[in-house]
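S.K.: What follows is data.txt, made up of compact mmCIF, C-alpha atoms and all ligand atoms:
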```
# COMPACT_ATOMS: atom_id res chain seq x y z
CA MET Q 285 24.66 45.37 25.96
CA SER Q 286 23.55 48.93 26.40
CA VAL Q 287 19.83 49.34 26.98
CA GLN Q 288 18.03 52.62 26.37
CA GLU Q 289 14.44 53.07 27.46
CA ILE Q 290 13.18 56.01 25.41
CA LYS Q 291 11.28 58.39 27.65
CA HIS Q 292 10.23 60.89 24.98
CA PRO Q 293 6.66 62.10 25.67
CA LEU Q 294 5.47 61.17 22.17
CA VAL Q 295 6.76 57.62 22.64
CA ARG Q 296 5.06 57.27 26.03
CA HIS Q 297 1.82 58.73 24.73
CA LYS Q 298 1.67 56.51 21.65
CA LEU Q 299 2.67 53.37 23.55
CA SER Q 300 -0.09 54.02 26.10
CA LEU Q 301 -2.60 54.26 23.24
CA MET Q 302 -1.36 50.87 22.03
CA ARG Q 303 -2.00 49.38 25.46
CA GLU Q 304 -5.70 50.30 25.33
CA GLY Q 305 -7.48 46.97 25.03
CA ASP Q 306 -10.01 48.07 22.40
CA LYS Q 307 -7.61 49.53 19.81
CA SER Q 308 -8.57 48.70 16.24
CA THR Q 309 -6.16 46.78 14.01
CA ARG Q 310 -5.72 49.89 11.92
CA SER Q 311 -4.83 52.15 14.88
CA PHE Q 312 -2.56 49.57 16.49
CA ARG Q 313 -0.65 49.06 13.24
CA GLN Q 314 -0.31 52.79 12.63
CA LEU Q 315 0.97 53.39 16.16
CA ALA Q 316 3.47 50.51 15.85
CA ALA Q 317 4.93 52.22 12.76
CA GLU Q 318 4.98 55.63 14.45
CA VAL Q 319 6.77 54.38 17.55
CA GLY Q 320 9.10 52.44 15.23
CA ALA Q 321 10.05 55.73 13.57
CA LEU Q 322 10.64 57.45 16.91
CA LEU Q 323 12.85 54.58 18.11
CA THR Q 324 14.82 54.81 14.86
CA TYR Q 325 15.37 58.51 15.46
CA GLU Q 326 16.80 57.75 18.91
CA ALA Q 327 18.82 54.74 17.76
CA THR Q 328 20.61 56.75 15.07
CA LYS Q 329 21.38 59.91 16.98
CA ASP Q 330 25.07 59.08 17.55
CA LEU Q 331 25.87 58.44 13.87
CA GLU Q 332 28.99 60.15 12.64
CA LEU Q 333 28.68 63.01 10.12
CA GLU Q 334 31.11 64.26 7.50
CA GLU Q 335 31.21 67.62 5.76
CA TYR Q 336 30.86 67.91 2.00
CA ASP Q 337 30.60 70.69 -0.55
CA LEU Q 338 27.21 71.35 -2.04
CA GLU Q 339 25.81 73.81 -4.51
CA GLY Q 340 23.06 75.70 -2.69
CA TRP Q 341 20.61 78.21 -4.14
CA CYS Q 342 23.00 81.07 -3.29
CA GLY Q 343 26.23 79.32 -4.28
CA PRO Q 344 28.60 76.74 -2.82
CA ILE Q 345 28.16 75.88 0.87
CA LYS Q 346 29.19 73.14 3.29
CA GLY Q 347 26.70 70.38 3.91
CA GLU Q 348 26.74 67.38 6.25
CA ARG Q 349 25.97 63.76 5.52
CA ILE Q 350 26.07 60.53 7.46
CA LYS Q 351 29.56 59.09 7.16
CA GLY Q 352 29.88 55.78 5.34
CA LYS Q 353 26.99 54.09 7.13
CA LYS Q 354 24.70 51.73 5.30
CA PHE Q 355 21.73 50.07 6.98
CA THR Q 356 19.74 46.92 6.78
CA VAL Q 357 16.42 46.82 8.59
CA VAL Q 358 15.63 43.35 9.95
CA PRO Q 359 11.94 42.78 10.71
CA ILE Q 360 11.27 39.56 12.63
CA LEU Q 361 8.17 37.99 11.06
CA ARG Q 362 5.42 38.47 11.58
CA ALA Q 363 5.03 41.27 14.08
CA GLY Q 364 8.20 43.17 13.09
CA ILE Q 365 6.49 44.05 9.78
CA GLY Q 366 4.24 46.37 11.76
CA MET Q 367 7.17 48.64 12.60
CA LEU Q 368 8.88 48.44 9.22
CA ASP Q 369 7.24 51.36 7.40
CA GLY Q 370 8.00 53.73 10.27
CA VAL Q 371 11.64 52.71 10.36
CA LEU Q 372 11.99 53.02 6.57
CA ASP Q 373 10.51 56.52 6.69
CA LEU Q 374 13.75 57.57 8.41
CA VAL Q 375 16.24 55.30 6.61
CA PRO Q 376 14.58 54.96 3.19
CA SER Q 377 17.59 53.58 1.34
CA ALA Q 378 18.11 50.70 3.77
CA LYS Q 379 18.08 47.14 2.48
CA ILE Q 380 15.60 44.82 4.16
CA SER Q 381 16.75 41.50 5.65
CA VAL Q 382 13.80 39.34 6.65
CA VAL Q 383 13.95 36.75 9.43
CA GLY Q 384 10.99 34.45 10.09
CA LEU Q 385 10.59 33.01 13.59
CA TYR Q 386 7.66 32.01 15.67
CA ARG Q 387 7.63 31.16 19.32
CA ASP Q 388 6.49 27.64 20.14
CA GLU Q 389 3.53 28.18 22.46
CA GLU Q 390 4.43 25.23 24.70
CA THR Q 391 8.20 25.48 25.01
CA LEU Q 392 8.48 29.24 24.25
CA GLU Q 393 11.51 28.34 22.11
CA PRO Q 394 11.95 30.23 18.80
CA VAL Q 395 11.32 28.17 15.67
CA PRO Q 396 13.08 29.61 12.58
CA TYR Q 397 11.26 29.28 9.24
CA PHE Q 398 12.69 31.99 6.95
CA GLU Q 399 15.94 33.85 6.40
CA LYS Q 400 16.75 36.19 3.52
CA LEU Q 401 19.49 38.65 4.38
CA ALA Q 402 21.09 41.52 2.45
CA HIS Q 403 24.00 40.03 0.47
CA ASP Q 404 26.44 42.65 1.79
CA ILE Q 405 25.26 42.51 5.39
CA GLU Q 406 28.82 42.58 6.72
CA GLU Q 407 29.07 46.21 5.51
CA ARG Q 408 25.81 47.32 7.12
CA MET Q 409 24.45 48.30 10.49
CA ALA Q 410 21.49 46.04 11.24
CA LEU Q 411 18.40 47.52 12.87
CA ILE Q 412 16.36 44.57 14.13
CA VAL Q 413 12.70 45.43 14.63
CA ASP Q 414 10.16 43.46 16.63
CA PRO Q 415 7.45 44.87 18.91
CA MET Q 416 8.06 42.35 21.71
CA LEU Q 417 11.15 41.11 23.52
CA ALA Q 418 9.71 38.59 25.98
CA THR Q 419 11.94 35.59 26.92
CA GLY Q 420 14.53 36.97 24.48
CA GLY Q 421 14.74 33.70 22.51
CA SER Q 422 13.59 35.19 19.19
CA MET Q 423 15.98 38.12 19.46
CA ILE Q 424 18.97 35.92 20.39
CA SER Q 425 18.23 33.59 17.50
CA THR Q 426 17.97 36.54 15.07
CA ILE Q 427 21.25 38.05 16.29
CA ASP Q 428 22.89 34.61 15.89
CA MET Q 429 21.71 34.50 12.25
CA LEU Q 430 23.02 38.01 11.54
CA LYS Q 431 26.40 37.34 13.14
CA ASN Q 432 26.74 34.01 11.29
CA ALA Q 433 26.24 35.98 8.07
CA GLY Q 434 29.07 38.36 9.01
CA CYS Q 435 27.16 41.31 10.46
CA THR Q 436 29.17 43.08 13.17
CA SER Q 437 27.07 46.16 13.96
CA ILE Q 438 23.65 45.40 15.42
CA ARG Q 439 20.99 47.48 17.15
CA ALA Q 440 17.62 46.16 18.27
CA LEU Q 441 14.44 48.25 18.38
CA VAL Q 442 11.50 46.86 20.36
CA LEU Q 443 8.33 48.48 21.59
CA VAL Q 444 8.16 46.59 24.89
CA ALA Q 445 10.85 44.54 26.63
CA ALA Q 446 10.65 42.26 29.67
CA PRO Q 447 13.51 42.37 32.20
CA GLU Q 448 13.93 38.58 31.90
CA GLY Q 449 14.47 38.81 28.12
CA ILE Q 450 16.79 41.78 28.36
CA ALA Q 451 19.02 39.82 30.77
CA LYS Q 452 19.13 36.83 28.39
CA VAL Q 453 20.05 38.94 25.35
CA GLN Q 454 22.60 40.85 27.40
CA GLU Q 455 24.29 37.60 28.41
CA ALA Q 456 24.28 36.08 24.90
CA HIS Q 457 25.15 39.23 22.94
CA PRO Q 458 26.73 41.92 25.14
CA ASP Q 459 27.81 43.95 22.08
CA VAL Q 460 24.26 44.60 20.83
CA GLU Q 461 22.52 47.89 21.64
CA LEU Q 462 18.86 47.77 22.60
CA PHE Q 463 16.35 50.61 22.26
CA THR Q 464 12.91 50.14 23.74
CA ALA Q 465 9.84 52.28 24.33
CA SER Q 466 9.29 50.53 27.67
CA ILE Q 467 10.86 48.06 30.06
CA ASP Q 468 7.77 46.42 31.53
CA SER Q 469 7.24 44.57 34.80
CA HIS Q 470 7.64 40.82 34.13
CA LEU Q 471 6.55 37.78 32.11
CA ASN Q 472 3.47 35.81 33.11
CA GLU Q 473 3.41 32.00 33.25
CA ALA Q 474 2.52 31.82 29.54
CA GLY Q 475 5.50 33.98 28.58
CA TYR Q 476 3.48 37.14 27.88
CA ILE Q 477 4.80 40.52 28.91
CA ILE Q 478 2.89 42.19 31.75
CA PRO Q 479 1.41 44.74 31.24
CA GLY Q 480 2.73 44.51 27.63
CA LEU Q 481 0.54 44.77 24.57
CA GLY Q 482 -0.96 41.29 24.39
CA ASP Q 483 -0.23 39.35 21.20
CA ALA Q 484 1.36 42.01 19.00
CA GLY Q 485 1.38 39.88 15.84
CA ASP Q 486 -2.33 39.14 16.07
CA LYS Q 487 -3.11 42.79 16.77
CA ILE Q 488 -1.05 44.06 13.81
CA PHE Q 489 -2.43 41.48 11.38
CA GLY Q 490 -5.96 41.33 12.79
CA THR Q 491 -5.79 37.57 13.17
CA LYS Q 492 -7.63 37.27 16.49
O1 LIG S 501 11.15 36.99 23.30
P1 LIG S 501 10.35 35.81 22.86
O2 LIG S 501 9.88 34.99 24.04
O3 LIG S 501 11.04 34.99 21.83
O4 LIG S 501 8.99 36.36 22.26
C1 LIG S 501 8.94 37.43 21.38
C2 LIG S 501 8.48 37.00 20.02
O5 LIG S 501 7.11 36.56 20.09
C3 LIG S 501 6.33 37.28 19.14
O6 LIG S 501 6.28 36.64 17.92
P2 LIG S 501 5.36 35.34 17.70
O7 LIG S 501 6.14 34.11 17.99
O8 LIG S 501 4.09 35.53 18.44
O9 LIG S 501 5.12 35.33 16.16
P3 LIG S 501 4.29 36.33 15.22
O10 LIG S 501 5.11 37.60 15.14
O11 LIG S 501 4.25 35.60 13.94
O12 LIG S 501 2.95 36.55 15.83
C4 LIG S 501 7.07 38.60 19.04
O13 LIG S 501 6.74 39.33 17.90
C5 LIG S 501 8.51 38.19 19.08
O14 LIG S 501 9.02 37.80 17.82
O1 LIG S 502 3.73 39.54 25.41
C1 LIG S 502 4.06 39.00 24.34
C2 LIG S 502 5.07 38.02 24.27
C3 LIG S 502 5.38 37.47 23.07
N1 LIG S 502 4.72 37.87 21.97
C4 LIG S 502 3.73 38.79 22.02
O2 LIG S 502 3.14 39.13 20.98
N2 LIG S 502 3.44 39.33 23.20
MG MG S 503 7.71 36.75 16.16
```
For this file, produce the structure as structure tokens.
Ligand SMILES: O=P(O)(O)OC[C@H]1O[C@H](OP(=O)(O)OP(=O)(O)O)[C@H](O)[C@@H]1O
Ligand SMILES: O=c1cc[nH]c(=O)[nH]1
Ligand SMILES: [Mg+2]
M.R.:
Amino acid sequence: MSVQEIKHPLVRHKLSLMREGDKSTRSFRQLAAEVGALLTYEATKDLELEEYDLEGWCGPIKGERIKGKKFTVVPILRAGIGMLDGVLDLVPSAKISVVGLYRDEETLEPVPYFEKLAHDIEERMALIVDPMLATGGSMISTIDMLKNAGCTSIRALVLVAAPEGIAKVQEAHPDVELFTASIDSHLNEAGYIIPGLGDAGDKIFGTK
């Protein structure tokens, strides 16, 4: 698996704002979407282009368009929803494939509860979005679901990743490309990323 930690100043600035402990739900959610958009920009910068003829204001000219690539954005419920609008701002015609998973607080194992994927997912590049990659269990389980449905091109966009989770995903799915705004220090004994963001789902939905 290739791992890219995006060092763009806007990404670093916005992620630092998200780490401030007193951020409002509204600000945290807005920043999650903004960093989601910036990660999408980075994760799509190697897409192939093709030339085509277009009728411009001054006559026929050559244009460029993305070659034969269709997307499905895959938010992992709940917290992935917080990044969705930002990602869709850049790939507005993408289909949305929703995966519902929560992490059992005791075992830290992912518990699947929802799956509704684009019907033609085998023809699409999947952009999985979730703010947190901690133990990696939720991401591995999501990639398993996508591959079982026939998806062969998968990129994962996360705000913060722990080294322990990256290693697990890398081992299980070496073909997947990961884009993250930060590789943080480690997981604590409760499975939270340090320094991380705290509970991203609760912060995005205002549930704590
Ligand atoms: O890498 P892992 O150890 O699997 O942990 C990461 C997962 O935990 C969080 O979701 P959570 O289970 O808190 O659910 P929520 O999004 O509904 O809050 C987060 O959004 C990831 O999906
Ligand atoms: O640090 C973490 C780990 C899992 N889920 C979160 O929301 N935060
Ligand atoms: Mg989750």
S.K.: As a quick test: using all atoms listed in the file, which residues lie no more than 6 Å away from ligand LIG 501 (chain S)? Give them as a list in words.
M.R.: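 Result of the 6 Å neighbour search around ligand LIG 501 (chain S): Ile360, Leu361, Arg362, Ala363, Tyr386, Arg387, Leu392, Pro394, Asp414, Pro415, Met416, Leu417, Ala418, Thr419, Gly420, Gly421, Ser422, Gly485 and Asp486 of chain Q.
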S.K.: Go ahead and compute the interatomic distance for CA of Gly305 in chain Q and CA of Lys492 in chain Q, in Å to one decimal.
M.R.: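 CA of Lys492 in chain Q lies at a distance of 12.9 Å from CA of Gly305 in chain Q.
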S.K.: In Å, rounded to a single decimal, give me how far CA of Leu322 in chain Q is from CA of Val453 in chain Q.
M.R.: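 These atoms are spaced 22.4 Å apart.
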S.K.: So what do you get for CA of Ile380 in chain Q versus CA of Phe489 in chain Q, distance-wise?
M.R.: 19.7 Å
S.K.: Within 6 Å of ligand LIG 502 (chain S), counting only C-alpha atoms and all ligand atoms: which residues, as an NGL selection string?
M.R.: :Q and (416 or 418 or 475-477 or 480 or 482-485)
S.K.: Starting from the point (16.5, 58.9, 23.1), work out which residues of protein, DNA or RNA have an atom no more than 9 Å away when counting only C-alpha atoms; state them as a PyMOL selection string.
M.R.: chain Q and resi 288-292+322-323+325-327+329+463
S.K.: Could you please take those selected residues and save C-alpha atoms as a PDB file, in the frame of the given file?
M.R.:
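Below is the file result_31.pdb, written as the result:
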```pdb
ATOM      1  CA  GLN Q 288      18.030  52.620  26.370  1.00  0.00           C
ATOM      2  CA  GLU Q 289      14.440  53.070  27.460  1.00  0.00           C
ATOM      3  CA  ILE Q 290      13.180  56.010  25.410  1.00  0.00           C
ATOM      4  CA  LYS Q 291      11.280  58.390  27.650  1.00  0.00           C
ATOM      5  CA  HIS Q 292      10.230  60.890  24.980  1.00  0.00           C
ATOM      6  CA  LEU Q 322      10.640  57.450  16.910  1.00  0.00           C
ATOM      7  CA  LEU Q 323      12.850  54.580  18.110  1.00  0.00           C
ATOM      8  CA  TYR Q 325      15.370  58.510  15.460  1.00  0.00           C
ATOM      9  CA  GLU Q 326      16.800  57.750  18.910  1.00  0.00           C
ATOM     10  CA  ALA Q 327      18.820  54.740  17.760  1.00  0.00           C
ATOM     11  CA  LYS Q 329      21.380  59.910  16.980  1.00  0.00           C
ATOM     12  CA  PHE Q 463      16.350  50.610  22.260  1.00  0.00           C
TER      13      PHE Q 463
END
```
S.K.: Asp373 in chain Q: which residues within 12 Å, counting only C-alpha atoms, same-chain residues fewer than 3 positions away excluded, as a PyMOL selection string?
M.R.: chain Q and resi 317-325+357+367-370+376-378
S.K.: Measuring between all atoms listed in the file, which one of Q:Val413, Q:Leu481, Q:Cys435, Q:Ile467 shows the shortest distance to ligand MG 503 (chain S)?
M.R.: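 Between Q:Val413, Q:Leu481, Q:Cys435, Q:Ile467, the residue approaching ligand MG 503 (chain S) most closely is Q:Val413.
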S.K.: Which one is closest to Lys452 in chain Q: Q:Leu372, Q:Ile424, Q:Leu471, Q:Ile412? Count only C-alpha atoms.
M.R.: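 Smallest distance to Lys452 in chain Q is found for Q:Ile424.
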S.K.: Select, from Q:Asp459, Q:Asp337, Q:Glu393, Q:Glu304, the residue with the minimum atom-to-atom distance to ligand MG 503 (chain S), counting all atoms listed in the file.
M.R.: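 For ligand MG 503 (chain S), the nearest of the given residues is Q:Glu393.
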